[in-house]
Structures are given as C-alpha cells and as structure tokens.
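What follows is a short report on a single structure.
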Amino acid sequence: MNHLWSPWRMTYIDNANKEEGCVFCNAQAKTDSPENLIIQRGKLAFVILNLYPYTSGHVMVVPFAHKPNLEELDSATRAEMMELTSQATSVLSKIYGAKSFNIGANIGEAAGAGVKEHVHIHIVPRWIGDTNFMSTLAETRVLPETLDDSWRRIRDGFRS
C-alpha cells in the first residue's frame with residue numbers, strides 16, 4: 001500500500017497552534033514577507049496568501065478594518081476589496097496560467113467561515129481538469145510549490 005503524507009494538515013485539523021487574536025490583524029502588524037503572507041497592501045485592504053490553500057495561488061482579500069461582514073465596511077473599503085480581487089485574478093492568470101476562478105466569501109459561522117470575525121474574500125485559481133482523485137478519495141490536495149515560492153511569485157506579479 002502506498003501512503004501520501006501531508007503532515008501540514010494536522011496543524012489545521014487540530015488547530016493546535018491557534019494564535020491569540022485575529023490572524024488577519026496579527027498579519028497586518030508584521031512586515032510583509034513570507035512570514036505574514038501579505039502580498040499587496042492597498043489603502044483600506046490587503047491581499048494575503050491562504051495558509052491552508054486549496055490550490056497554489058489561493059489568496060484572500062482582507063480589509064484592514066476588523067469587521068465580521070461586508071455591510072459593516074464603508075463603501076470605499078468594499079470598492080477597494082473588489083479592485084484588489086480584480087488585480088489578483090489578473091496576476092494569478094499571468095503567473096499560474098489560471099483559466100478560471102472561484103471567488104467568494106464565507107460570512108459567518110453557519111456559512112463555514114474559518115475566521116468569522118474578520119470578513120475576507122477567497123480567490124482560488126482553477127484550470128480545466130484540475131480536479132483529480134486526490135481530493136475525492138484521499139481528502140488531500142497536491143500543491144506543486146511552497147507558500148514561500150507562491151508569496152514571491154505573486155508579490156512580484158503585483159509589482160510588475
């Protein structure tokens with residue numbers, strides 16, 4: 001029998017290293033690097049890599065304001081979040097050759113929000129035929145690059 005190990009998943013499953021406070025607020029207080037995963041900062045929102053991505057290039061757009069839903073944000077923040085979402089899809093198309101995207105927000109616990117107290121938009125790059133047996137049978141995702149490499153590539157894409 002063959003085994004495919006993905007030990008990083010246990011941290012997510014156990015949530016053993018849950019940090020104090022809000023992960024997004026904590027990240028924005030640090031210098032942008034692979035450590036905090038922030039790729040691009042706007043005036044009111046930022047783009048950050050997902051620590052537990054569905055695919056390589058899975059990013060999120062997050063407002064600086066710590067609010068649980070979109071309606072509590074001002075219209076300028078919501079507009080910038082959409083502009084950053086648009087920029088992210090452009091960058092991910094160039095860097096990864098993504099053909100399509102899943103874009104969405106899980107707002108609130110009942111919707112499955114992992115960070116329910118700080119609203120954010122997920123951007124997941126997709127390719128024709130990118131679903132495979134690993135996700136279906138093994139509940140495992142195959143990611144071809146490290147988060148550090150993803151951070152560098154996407155950051156450089158935003159800067160070009």
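Labels for the structure tokens follow display order: chains A, B, ..., residues from 1 in each chain, ligands from 1.
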Can you pull out every residue within 8 Å of A:Tyr54, counting only C-alpha atoms, but drop anything in the same chain fewer than 2 positions away, and send it as a PDB file with N, CA, C and O atoms, in the first residue's frame?
```
ATOM      1  N   TYR A  52      -3.652  27.663   4.412  1.00  0.00           N
ATOM      2  CA  TYR A  52      -4.083  26.304   4.092  1.00  0.00           C
ATOM      3  C   TYR A  52      -4.805  26.323   2.747  1.00  0.00           C
ATOM      4  O   TYR A  52      -6.022  26.189   2.671  1.00  0.00           O
ATOM      5  N   SER A  56      -2.407  26.067  -5.373  1.00  0.00           N
ATOM      6  CA  SER A  56      -1.345  27.072  -5.374  1.00  0.00           C
ATOM      7  C   SER A  56      -1.939  28.370  -5.900  1.00  0.00           C
ATOM      8  O   SER A  56      -2.723  28.371  -6.845  1.00  0.00           O
ATOM      9  N   HIS A  58      -3.877  30.366  -4.042  1.00  0.00           N
ATOM     10  CA  HIS A  58      -5.107  30.693  -3.308  1.00  0.00           C
ATOM     11  C   HIS A  58      -4.816  31.877  -2.398  1.00  0.00           C
ATOM     12  O   HIS A  58      -4.044  31.786  -1.464  1.00  0.00           O
ATOM     13  N   VAL A 124      -9.587  31.609  -5.643  1.00  0.00           N
ATOM     14  CA  VAL A 124      -8.964  30.311  -5.878  1.00  0.00           C
ATOM     15  C   VAL A 124      -8.796  30.116  -7.384  1.00  0.00           C
ATOM     16  O   VAL A 124      -9.788  30.014  -8.110  1.00  0.00           O
ATOM     17  N   ARG A 141      -4.914  17.564  -1.013  1.00  0.00           N
ATOM     18  CA  ARG A 141      -4.631  18.428  -2.153  1.00  0.00           C
ATOM     19  C   ARG A 141      -3.148  18.308  -2.471  1.00  0.00           C
ATOM     20  O   ARG A 141      -2.315  18.240  -1.582  1.00  0.00           O
TER      21      ARG A 141
END
```
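Distances here use only C-alpha atoms; by that measure, the residue among A:Asn50, A:Asn69, A:Ser150, A:Ser93 closest to A:Arg126 is A:Ser93.
Residues in contact with A:Tyr96 at 12 Å, where only C-alpha atoms are counted and same-chain residues fewer than 6 positions away are skipped, are listed as Thr55, Ser56, Gly57, His58, Ala88, Thr89, Ser90, Val124, Pro125, Arg126, Trp127, Pro144, Glu145, Ser150, Arg153, Ile154 and Gly157 of chain A.
You will find atom CA of A:Gly104 at 22.6 Å from atom CA of A:Asn26.
Distance check against A:Ser86 using only C-alpha atoms: of A:Ile121, A:Val115, A:Glu35, A:His66, the minimum falls on A:Ile121.
For the residues A:Gly112, A:Lys99, A:Phe158, A:Asp148, ranking by smallest atom-to-atom distance to A:Gly42 using only C-alpha atoms places A:Phe158 first.
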Strand (DSSP E or B) positions in stretch 20-156 of chain A, given as a ChimeraX atom specification: /A:38-41,45-49,59-63,100-104,121-126
Save out the residues we just selected, C-alpha atoms, as a compact mmCIF listing (two decimals), in the first residue's frame.
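Writing done, so here's again-v9.txt:
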```
# COMPACT_ATOMS: atom_id res chain seq x y z
CA ILE A 38 0.77 39.55 2.81
CA ILE A 39 1.46 40.08 -0.89
CA GLN A 40 0.00 43.50 -1.57
CA ARG A 41 -1.34 46.33 0.59
CA ALA A 45 -7.42 46.34 2.30
CA PHE A 46 -4.70 43.83 1.50
CA VAL A 47 -4.04 40.58 -0.38
CA ILE A 48 -2.73 37.63 1.62
CA LEU A 49 -1.92 34.01 0.81
CA VAL A 59 -5.23 34.23 -1.93
CA MET A 60 -7.66 36.28 0.11
CA VAL A 61 -8.56 39.97 0.05
CA VAL A 62 -8.99 41.32 3.56
CA PRO A 63 -9.99 44.78 4.82
CA SER A 100 -10.94 30.43 -14.24
CA PHE A 101 -11.50 31.38 -10.60
CA ASN A 102 -13.70 30.57 -7.66
CA ILE A 103 -14.28 33.84 -5.82
CA GLY A 104 -16.35 34.02 -2.68
CA ILE A 121 -12.84 37.22 0.03
CA HIS A 122 -11.25 34.00 -1.24
CA ILE A 123 -9.76 33.85 -4.74
CA VAL A 124 -8.96 30.31 -5.88
CA PRO A 125 -7.32 29.85 -9.30
CA ARG A 126 -8.73 27.00 -11.40
```
